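For reference, the structure discussed in these notes is given below.
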Amino acid sequence: MLRLVVGVLGLACLIAPAAVAQQQPDTVLLERGQRLYQENCALCHRDLGAGDPPTFPALRGSDQLRDPVRVVRTIRQGRDRMPPFPGLTAEELSALVNYVRNVWADGSSNVTTEEVAAVLGGLEETLPMGSVWDGVFTEAQANRGQAAYEGACGTCHGHRLNGAPDDPDMRSTPPLARARFLRVWQGRSLATLFEFTRATMPEDNPDSMTEQEYVDVIAYMLLLGGMPAGDAELQPDAQSLARVVIRAGR
Amino acid sequence: MTTKDDRPSKDPTPNKKALNRRDFVKTGVVAGLGSGVLLDSAEAQAQVPASGTQQTVWHYEADVVIAGGGCAGLTAAIRAVDLGASVLVVDQNFDLGGRMLHSAGRMSLGGGDPVQQRDMSGESDREGFVTVAPIEEPEELDDDVELLFTDLTDWSVVDPKGQAPYRYNERELARAWAENCPATRQFLIDNYVRFSRVAGTHGGGGLSRARLATCFLMLGDVTDIKAGTITAEDAGVADRERSSAFAPLRMNNASRSVGPNAVANGAALSRCLEFSAREKGVQFILHRRFDEIVREQPVAGRVLGIKAHYSPRQHPESGEVLQSLWQNGNIDERRDTVNIRARKAVILASGGHAGNPEVRSMFYPALREPAFPTSGRALLGSGGQDGSALIAGLRIGANLAGMQQNLSYFTTFHISTRLGTRDAYTGMMPGHPTFGFRGSAGFSVGSSGFEEFIAVNQVGKRFFNEVRLPARPGPSAYPGDRGAPGRGLDHTPLDWRNCRKEWVREMYNYDHGVHAALALNEGSEAPDYYSGPLWAVFDQDAVDRNGWELRYPYVSDNGYFFQADTIEDLAEQIYAGHEFQRVPLKYLADTVGTWNGYVESGADPEFEREMDAPMNRIATGPFYALSIMVIWHDSYGGLRVNGRQQVVDMQGQVIPGLYAGGEAVGGFNKHGLGKGHVHGYIAGTHAVEEPSL
């Protein structure tokens, strides 16, 4: 909470000069935008929008933020390795788009919910959202995932997936199941997990597994986390993974 | 304080035969002694130089005598035998390999070494085991000695602890090391060691290029060093809760860096080198601690040999003397003390000083606390990492170097996330001869597990934010995003921006929890003011939340794990049952009550836990206490040597006939295997060039 308050104060300072001359953006909306940014975007684009190039592009000073329509479409549909965020409403999208454009672009963004809705209206219909508790993977897939996990992930993340390497020389790593994992990933989609993992793991050779292996490993993580298996496999496709949300419980 | 492993020998049958010369010769023949190793005692006395201050009776003799059969010692032994010398290795443990055997088998060399070149060309190894594509791009492997030397002396690199790993290195030592890396990699390959693809680097290996390859074997129907195969049982992968005598630590899946069915760790390095050494005729006396260096004059003249005493490692329950995995080349020698003459040179490769609390106090007095043993205690016994080379070297006038470098390496000591065992560093499970020295394997909760309990000191008071207690700052490593600006090839050696304060502020990541753990508390008493043991205290809810398996072999009734229905009873059990708990935990019940109040109010005014993680009440019995250990990986600082690994005295003069390598030497902040093997290679090379006595 403390961090959020500081962030909002900092934001007020940042936008003040532009806001005097321009139409005053709704500060409540901006605060909401910042919260949405933290929840959805900061994982890769980082707190200050600096990203981690070349893996994660910077937003600060990015030309890509100039066109608000492009920003809306990118968030909603994904672009290149950025996953789509189909769960955001038009109102949330407008808050988010105004936030990133005000802070890191020209400081004068005031896209309305109606304008966002108009953009979304031109896009294809989104399918209903589900969660990891809906039986989104199969046991056979999770078993394949275990084999891939042991070769690529287990040395660092440990056989219990609790981030405790079996080799005592190695530092702990983030857990991949249970409470701590859920605290970090709660509310994010499997598409975000899929693309983040591909972009960053294995640490010594990111993106070196096949897309199928990455999604199989996610199936294994879900199984170890207590989520139920189902009849259909998780597909290595960001559009469908984006509709599966990670939740701590049903 | 005496621990089980420190007890005097219980062996009721000292070898009387060893006192009889004729029988002794027979014993030697049975043990397969090569000519020139066993020495007739009358002949030996005749060879004592006239300048010697006392008559030394020599019991054995070899061209090169090596104290310690770990990474530096075994490499030096093979190198010296290859160059025509007779070699005798003395080791205090029951088996060879030292901590190399227990390591991950990760070795950063470089300088354009043969594995870097192999991966640059995209080729496989000569046996065709490596079937995955190179992990690093050719430009990341394009290395040479100059670049490696620059890296090893790069003053500008600062790690996330604000320490500079390279700037205090002895330049001559670093130069010699860099020059010998390519030859050492080839030497290891020529002695049955197989290397994976190169991936990054680690532990003081420099930030400019990828230099780390891991030692592996292939799973197969038989364990056959020449063929490069190992059974699943020997590799420890058949059963997660069972270790083999071959590999104390379960071997890692190396399918990503080698190919399917490859397993990797230090056993794939140590056993291969040991096999080669025994095959080439190196001889070994095990169970024998090296005590003294014999020099012509107390602090002058040439080194003549060493003294070593019988110190058998016995099974903690049966009392049986433990046996090495392989026997060929072993000399069964049980006399209390033997003197071993070195015709050419003595090489000290007996490890560091992390297991000797008195020596540790040289760089950090609070580390005198004996509750926290060295990283290899159960595997190596109390004679491992005991500072023997440093102590013996000081007695004959040797200088020391780099003692402060213990404080400038990120893994030197930290809080282990493996709880419930004194031996929180090693990984032996039942099945390995030394599991009995641990009694429990410990339960590794990871850093995230520290959110689930409160950590208390010996009087039962909290002392730090538990969530941050196990945090380790991480190394400077290649790719350079963990402590250096940019990534990989973006690192510019010797650039002042690498250590400008803005960058240090950005990447600094150290909470100093381990120092709070070692701090004075109400139970610290003069004259040592020991900080005492540390305890993780939690309740049944925490066990249920996390699915923790609090059962054998992870925990046992060995004084490092307690369970009780009330907190008061828990405190009493710890005081009664733990060997280093010197005072009652008189505040424990109050501490738990206070903590539960913090949980209710959602704020921990002492350590601000609410900022880092959810807080949970400790209220549902039974209640548990698991030991938390401060562990050491390796020590930095030791004997001063020159670029030929010759030990140097306080006047800057070489001590004739004395070499040292690995953790026994100081002045070179390089982690583990990479340091030890190259030192051994250099020492073995030059020891053989010494004139024969």
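Note on naming: chains are A, B, ... as they come in the structure tokens, residues start from 1 per chain, ligands start from 1 in the order shown.
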Please return, as a short mmCIF file (atom, residue, chain, number, x, y, z; two decimals) with C-alpha atoms, in the first residue's frame, all residues of chain B lying within 7 Å of chain A when only C-alpha atoms are considered.
```
data_model
loop_
_atom_site.label_atom_id
_atom_site.label_comp_id
_atom_site.auth_asym_id
_atom_site.auth_seq_id
_atom_site.Cartn_x
_atom_site.Cartn_y
_atom_site.Cartn_z
CA ILE B 135 24.03 -23.39 -25.90
CA ALA B 199 26.64 -22.37 -20.51
CA GLY B 200 27.48 -19.03 -18.92
CA ASN B 252 21.49 -34.00 -11.88
CA ASN B 253 19.57 -34.51 -15.07
CA ALA B 254 21.87 -33.14 -17.78
CA SER B 255 19.64 -33.76 -20.76
CA ARG B 256 19.59 -30.05 -21.59
CA TYR B 425 25.16 -28.38 3.08
CA THR B 426 25.75 -31.97 2.04
CA SER B 444 14.78 -27.81 2.19
CA VAL B 445 12.01 -25.23 2.34
CA GLY B 446 13.58 -22.76 -0.08
CA SER B 447 13.68 -19.05 0.62
CA SER B 448 9.90 -18.90 0.29
CA ARG B 472 21.81 -14.46 -0.92
#
```
Please identify which residues in region 33-228 of chain A DSSP calls helix (DSSP H, G or I) from the backbone, and express them as a VMD selection string.
-> chain A and resid 33 to 40 42 to 45 63 to 65 68 to 77 90 to 104 113 to 121 132 to 134 139 to 152 154 to 157 178 to 185 190 to 200 211 to 224
Selected residues written out with C-alpha atoms, as a CSV table (one decimal), in the first residue's frame:
```csv
chain,number,residue,atom,x,y,z
A,33,GLY,CA,-4.6,2.7,-14.5
A,34,GLN,CA,-1.5,2.5,-12.3
A,35,ARG,CA,-3.0,-0.4,-10.3
A,36,LEU,CA,-3.9,-2.2,-13.5
A,37,TYR,CA,-0.4,-1.6,-14.9
A,38,GLN,CA,1.1,-3.1,-11.7
A,39,GLU,CA,-1.2,-6.1,-11.9
A,40,ASN,CA,-0.8,-6.8,-15.6
A,42,ALA,CA,4.9,-4.4,-14.6
A,43,LEU,CA,5.9,-8.1,-14.6
A,44,CYS,CA,7.7,-7.5,-17.9
A,45,HIS,CA,7.7,-3.7,-18.5
A,63,ASP,CA,7.0,5.4,-30.3
A,64,GLN,CA,4.6,2.6,-30.0
A,65,LEU,CA,2.6,4.6,-27.4
A,68,PRO,CA,-3.9,5.0,-28.7
A,69,VAL,CA,-5.8,2.7,-31.0
A,70,ARG,CA,-2.7,0.7,-31.6
A,71,VAL,CA,-2.1,0.5,-27.8
A,72,VAL,CA,-5.7,-0.7,-27.2
A,73,ARG,CA,-5.4,-3.4,-29.9
A,74,THR,CA,-1.9,-4.5,-28.7
A,75,ILE,CA,-3.1,-5.0,-25.1
A,76,ARG,CA,-6.4,-6.7,-26.2
A,77,GLN,CA,-4.9,-9.0,-28.9
A,90,ALA,CA,-13.3,-1.2,-22.1
A,91,GLU,CA,-13.3,0.9,-18.9
A,92,GLU,CA,-10.2,-0.8,-17.6
A,93,LEU,CA,-8.4,-0.5,-20.9
A,94,SER,CA,-9.1,3.2,-21.1
A,95,ALA,CA,-7.6,3.6,-17.6
A,96,LEU,CA,-4.6,1.6,-18.5
A,97,VAL,CA,-4.0,3.2,-21.9
A,98,ASN,CA,-4.3,6.7,-20.4
A,99,TYR,CA,-1.9,5.7,-17.6
A,100,VAL,CA,0.9,4.4,-19.8
A,101,ARG,CA,0.5,7.2,-22.4
A,102,ASN,CA,0.4,9.9,-19.8
A,103,VAL,CA,3.4,8.7,-17.9
A,104,TRP,CA,5.7,7.5,-20.7
A,113,THR,CA,-14.2,4.3,-22.4
A,114,GLU,CA,-16.5,5.0,-25.3
A,115,GLU,CA,-13.5,5.4,-27.7
A,116,VAL,CA,-12.0,2.2,-26.4
A,117,ALA,CA,-15.3,0.4,-26.8
A,118,ALA,CA,-15.5,1.6,-30.4
A,119,VAL,CA,-12.1,0.1,-31.1
A,120,LEU,CA,-13.0,-3.2,-29.4
A,121,GLY,CA,-16.2,-3.3,-31.4
A,132,VAL,CA,-7.0,-23.1,-14.0
A,133,TRP,CA,-9.6,-25.0,-11.9
A,134,ASP,CA,-11.6,-25.9,-15.0
A,139,GLU,CA,-2.5,-36.0,-16.8
A,140,ALA,CA,-0.6,-37.4,-19.7
A,141,GLN,CA,0.4,-33.9,-20.6
A,142,ALA,CA,1.5,-33.2,-17.1
A,143,ASN,CA,3.6,-36.4,-17.1
A,144,ARG,CA,5.3,-35.2,-20.3
A,145,GLY,CA,5.8,-31.9,-18.5
A,146,GLN,CA,7.5,-33.6,-15.6
A,147,ALA,CA,10.2,-35.1,-17.9
A,148,ALA,CA,10.8,-31.7,-19.5
A,149,TYR,CA,10.7,-30.0,-16.0
A,150,GLU,CA,13.4,-32.4,-14.6
A,151,GLY,CA,15.7,-31.6,-17.5
A,152,ALA,CA,15.3,-27.9,-17.8
A,154,GLY,CA,14.2,-29.0,-11.6
A,155,THR,CA,17.8,-28.3,-10.9
A,156,CYS,CA,17.0,-24.8,-9.9
A,157,HIS,CA,13.4,-24.9,-8.8
A,178,ARG,CA,1.3,-23.5,-4.0
A,179,ALA,CA,0.9,-20.3,-1.9
A,180,ARG,CA,3.8,-18.1,-2.9
A,181,PHE,CA,3.5,-18.9,-6.6
A,182,LEU,CA,-0.2,-18.1,-6.4
A,183,ARG,CA,0.4,-14.8,-4.6
A,184,VAL,CA,2.6,-13.6,-7.5
A,185,TRP,CA,0.6,-15.1,-10.3
A,190,LEU,CA,-1.6,-18.7,-18.5
A,191,ALA,CA,-0.6,-16.8,-21.6
A,192,THR,CA,1.3,-14.4,-19.5
A,193,LEU,CA,2.9,-17.3,-17.6
A,194,PHE,CA,3.7,-19.0,-20.9
A,195,GLU,CA,5.3,-16.0,-22.6
A,196,PHE,CA,7.1,-14.9,-19.5
A,197,THR,CA,8.6,-18.3,-19.0
A,198,ARG,CA,9.6,-18.6,-22.7
A,199,ALA,CA,11.2,-15.3,-22.6
A,200,THR,CA,13.2,-15.8,-19.4
A,211,GLU,CA,6.4,-24.3,-27.3
A,212,GLN,CA,4.9,-27.7,-26.6
A,213,GLU,CA,7.5,-28.3,-23.8
A,214,TYR,CA,6.8,-25.0,-22.2
A,215,VAL,CA,3.0,-25.6,-22.1
A,216,ASP,CA,3.6,-29.2,-20.8
A,217,VAL,CA,5.7,-27.9,-18.0
A,218,ILE,CA,2.9,-25.5,-17.1
A,219,ALA,CA,0.5,-28.5,-17.0
A,220,TYR,CA,2.9,-30.2,-14.5
A,221,MET,CA,3.1,-27.1,-12.4
A,222,LEU,CA,-0.8,-27.0,-12.2
A,223,LEU,CA,-1.0,-30.6,-11.3
A,224,LEU,CA,1.6,-30.2,-8.5
```
Could you give me, as an NGL selection string, the residues within 10 Å of Pro57 (chain A), counting only C-alpha atoms and dropping anything in the same chain fewer than 6 positions from it?
-> :A and (44-46 or 49-51 or 82)
What gap, in Å, lies between CA of Phe149 (chain B) and CA of Pro479 (chain B)?
->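 Spanning CA of Phe149 (chain B) to CA of Pro479 (chain B) is a straight-line distance of 17.8 Å.
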Using DSSP on the backbone coordinates, identify the residues of region 325-425 of chain B assigned to strand (DSSP E or B); present them as a ChimeraX atom specification.
-> /B:330,337-348,398,400-401,413-415,418-419
Would you save the residues of that selection, restricted to N, CA and C atoms, as a PDB file, in the first residue's frame?
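And here's part_6.pdb as it stands now:
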```pdb
ATOM      1  N   ASN B 330      45.626 -48.339  -2.582  1.00  0.00           N
ATOM      2  CA  ASN B 330      45.590 -47.965  -1.160  1.00  0.00           C
ATOM      3  C   ASN B 330      46.689 -48.682  -0.381  1.00  0.00           C
ATOM      4  N   THR B 337      51.696 -42.400  13.905  1.00  0.00           N
ATOM      5  CA  THR B 337      52.277 -41.312  13.111  1.00  0.00           C
ATOM      6  C   THR B 337      53.291 -41.894  12.133  1.00  0.00           C
ATOM      7  N   VAL B 338      53.231 -41.440  10.896  1.00  0.00           N
ATOM      8  CA  VAL B 338      54.281 -41.816   9.945  1.00  0.00           C
ATOM      9  C   VAL B 338      54.882 -40.550   9.328  1.00  0.00           C
ATOM     10  N   ASN B 339      56.148 -40.672   8.976  1.00  0.00           N
ATOM     11  CA  ASN B 339      56.864 -39.585   8.323  1.00  0.00           C
ATOM     12  C   ASN B 339      57.083 -39.975   6.865  1.00  0.00           C
ATOM     13  N   ILE B 340      56.730 -39.083   5.989  1.00  0.00           N
ATOM     14  CA  ILE B 340      56.774 -39.397   4.561  1.00  0.00           C
ATOM     15  C   ILE B 340      57.718 -38.424   3.869  1.00  0.00           C
ATOM     16  N   ARG B 341      58.731 -38.986   3.255  1.00  0.00           N
ATOM     17  CA  ARG B 341      59.770 -38.168   2.642  1.00  0.00           C
ATOM     18  C   ARG B 341      59.412 -37.882   1.185  1.00  0.00           C
ATOM     19  N   ALA B 342      59.616 -36.646   0.787  1.00  0.00           N
ATOM     20  CA  ALA B 342      59.371 -36.246  -0.594  1.00  0.00           C
ATOM     21  C   ALA B 342      60.704 -35.980  -1.260  1.00  0.00           C
ATOM     22  N   ARG B 343      61.059 -36.816  -2.222  1.00  0.00           N
ATOM     23  CA  ARG B 343      62.356 -36.626  -2.889  1.00  0.00           C
ATOM     24  C   ARG B 343      62.380 -35.326  -3.688  1.00  0.00           C
ATOM     25  N   LYS B 344      61.269 -34.970  -4.274  1.00  0.00           N
ATOM     26  CA  LYS B 344      61.222 -33.742  -5.071  1.00  0.00           C
ATOM     27  C   LYS B 344      60.419 -32.630  -4.393  1.00  0.00           C
ATOM     28  N   ALA B 345      59.199 -32.916  -4.020  1.00  0.00           N
ATOM     29  CA  ALA B 345      58.379 -31.819  -3.486  1.00  0.00           C
ATOM     30  C   ALA B 345      57.185 -32.351  -2.709  1.00  0.00           C
ATOM     31  N   VAL B 346      56.703 -31.497  -1.815  1.00  0.00           N
ATOM     32  CA  VAL B 346      55.437 -31.711  -1.126  1.00  0.00           C
ATOM     33  C   VAL B 346      54.419 -30.744  -1.734  1.00  0.00           C
ATOM     34  N   ILE B 347      53.219 -31.251  -2.023  1.00  0.00           N
ATOM     35  CA  ILE B 347      52.148 -30.379  -2.502  1.00  0.00           C
ATOM     36  C   ILE B 347      51.021 -30.391  -1.468  1.00  0.00           C
ATOM     37  N   LEU B 348      50.681 -29.211  -0.954  1.00  0.00           N
ATOM     38  CA  LEU B 348      49.601 -29.106   0.025  1.00  0.00           C
ATOM     39  C   LEU B 348      48.290 -28.845  -0.713  1.00  0.00           C
ATOM     40  N   ALA B 398      55.710 -19.822   6.359  1.00  0.00           N
ATOM     41  CA  ALA B 398      54.983 -19.416   5.153  1.00  0.00           C
ATOM     42  C   ALA B 398      54.158 -18.159   5.418  1.00  0.00           C
ATOM     43  N   LEU B 400      50.710 -15.752   4.414  1.00  0.00           N
ATOM     44  CA  LEU B 400      49.316 -15.929   4.006  1.00  0.00           C
ATOM     45  C   LEU B 400      48.941 -14.855   2.995  1.00  0.00           C
ATOM     46  N   ALA B 401      47.853 -15.104   2.275  1.00  0.00           N
ATOM     47  CA  ALA B 401      47.372 -14.111   1.309  1.00  0.00           C
ATOM     48  C   ALA B 401      45.850 -14.143   1.271  1.00  0.00           C
ATOM     49  N   PHE B 413      29.649 -17.641   3.293  1.00  0.00           N
ATOM     50  CA  PHE B 413      28.790 -18.158   4.356  1.00  0.00           C
ATOM     51  C   PHE B 413      27.428 -17.484   4.236  1.00  0.00           C
ATOM     52  N   HIS B 414      26.393 -18.211   4.566  1.00  0.00           N
ATOM     53  CA  HIS B 414      25.033 -17.670   4.500  1.00  0.00           C
ATOM     54  C   HIS B 414      24.109 -18.608   5.257  1.00  0.00           C
ATOM     55  N   ILE B 415      22.841 -18.224   5.357  1.00  0.00           N
ATOM     56  CA  ILE B 415      21.850 -19.051   6.024  1.00  0.00           C
ATOM     57  C   ILE B 415      21.325 -20.083   5.041  1.00  0.00           C
ATOM     58  N   ARG B 418      17.980 -25.300   4.019  1.00  0.00           N
ATOM     59  CA  ARG B 418      17.758 -26.692   4.417  1.00  0.00           C
ATOM     60  C   ARG B 418      17.763 -26.751   5.939  1.00  0.00           C
ATOM     61  N   LEU B 419      16.643 -27.124   6.522  1.00  0.00           N
ATOM     62  CA  LEU B 419      16.454 -27.068   7.971  1.00  0.00           C
ATOM     63  C   LEU B 419      16.497 -28.470   8.565  1.00  0.00           C
TER      64      LEU B 419
END
```
Computed interatomic separation between CA of Ser692 (chain B) and CA of Asp63 (chain B) (Å) =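 Going from CA of Ser692 (chain B) over to CA of Asp63 (chain B), I get 7.4 Å.
Around Asp231 (chain A), within 8 Å and counting only C-alpha atoms, the residues found are Gly135, Val136, Phe137 and Thr138 of chain A, once anything fewer than 6 positions away on its own chain is removed.
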Restricting the output to all heavy atoms, write the selected residues as a short mmCIF file (atom, residue, chain, number, x, y, z; two decimals), in the first residue's frame.
```cif
data_model
loop_
_atom_site.label_atom_id
_atom_site.label_comp_id
_atom_site.auth_asym_id
_atom_site.auth_seq_id
_atom_site.Cartn_x
_atom_site.Cartn_y
_atom_site.Cartn_z
N GLY A 135 -10.04 -27.84 -15.21
CA GLY A 135 -9.57 -29.05 -15.88
C GLY A 135 -8.99 -28.73 -17.25
O GLY A 135 -9.43 -29.27 -18.26
N VAL A 136 -8.00 -27.84 -17.29
CA VAL A 136 -7.52 -27.31 -18.57
C VAL A 136 -6.34 -28.08 -19.16
O VAL A 136 -5.81 -27.71 -20.20
CB VAL A 136 -7.13 -25.82 -18.42
CG1 VAL A 136 -8.37 -24.99 -18.11
CG2 VAL A 136 -6.07 -25.62 -17.34
N PHE A 137 -5.91 -29.16 -18.49
CA PHE A 137 -4.77 -29.95 -19.00
C PHE A 137 -5.09 -31.42 -18.75
O PHE A 137 -6.05 -31.75 -18.03
CB PHE A 137 -3.48 -29.56 -18.31
CG PHE A 137 -3.50 -29.83 -16.82
CD1 PHE A 137 -3.00 -31.03 -16.30
CD2 PHE A 137 -4.06 -28.90 -15.94
CE1 PHE A 137 -3.05 -31.28 -14.93
CE2 PHE A 137 -4.10 -29.15 -14.57
CZ PHE A 137 -3.61 -30.35 -14.07
N THR A 138 -4.28 -32.31 -19.33
CA THR A 138 -4.49 -33.74 -19.06
C THR A 138 -3.33 -34.29 -18.24
O THR A 138 -2.25 -33.70 -18.20
CB THR A 138 -4.57 -34.55 -20.37
OG1 THR A 138 -3.26 -34.57 -20.96
CG2 THR A 138 -5.58 -33.95 -21.33
#
```
